[in-house]
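In what follows, a structure is listed as structure tokens, so that the remarks can point back to it.
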Amino acid sequence: MFFALFQIINILLTVAITVIIVQAIMSWLLAFNVINLQNDIVRALWTTLDALTAPIYNPIRRIMPDFGSIDLTPMVVIIGIIILQDAILPPLAAALIPVL
């Protein structure tokens, strides 16, 4: 049971990293006018990605110093997720799952 739970958590964290990377690439495309928010599909995708990531980004943005137009929040979140996946979850799983 615990093993399945940790696998689900790991998959969700991997999906979160993918969403963050897609949003970062999309923000670059918007910044360089490759795509624009006048397109309904682009606007819907951007709104969805922003709604998914804003609850994660906002507390970190309050703590981080202002770097002007450079937003390092996605990188901080990705590093945090990788640390969680590689350094925290495996020992926790090993401690909670009994050895058969």
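By order in the structure tokens, chains are A, B, ...; within a chain, residues start at 1; ligands start at 1, following the order shown.
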Q: Please report, as number ranges by chain, each residue of chain A to which DSSP assigns helix (DSSP H, G or I) when run on this structure's backbone.
A: A: 2-31, 40-63, 73-96
Report as a CSV table (one decimal) with C-alpha atoms, in the first residue's frame all protein, DNA and RNA residues lying within 12 Å of segment 64-72 of chain A, evaluated on only C-alpha atoms, omitting residues in the same chain fewer than 5 positions from it.
```
chain,number,residue,atom,x,y,z
A,20,ILE,CA,6.6,24.0,-14.8
A,24,ALA,CA,8.5,28.5,-18.7
A,27,SER,CA,6.4,32.4,-21.2
A,28,TRP,CA,9.5,32.8,-23.3
A,31,ALA,CA,7.8,37.3,-24.3
A,57,TYR,CA,5.0,30.1,-6.9
A,58,ASN,CA,3.4,32.8,-4.7
A,59,PRO,CA,4.9,31.8,-1.4
A,77,VAL,CA,10.5,24.9,-7.4
A,78,ILE,CA,12.1,22.3,-9.8
A,79,ILE,CA,15.2,22.0,-7.6
```
Q) What's the 12 Å shell around Leu37 of chain A, counting only C-alpha atoms, without same-chain residues fewer than 5 positions away, as a PyMOL selection string? A) chain A and resi 26-27+29-31+42-47
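Note that the spacing between atom CA of Val76 of chain A and atom CA of Ala93 of chain A amounts to 24.2 Å.
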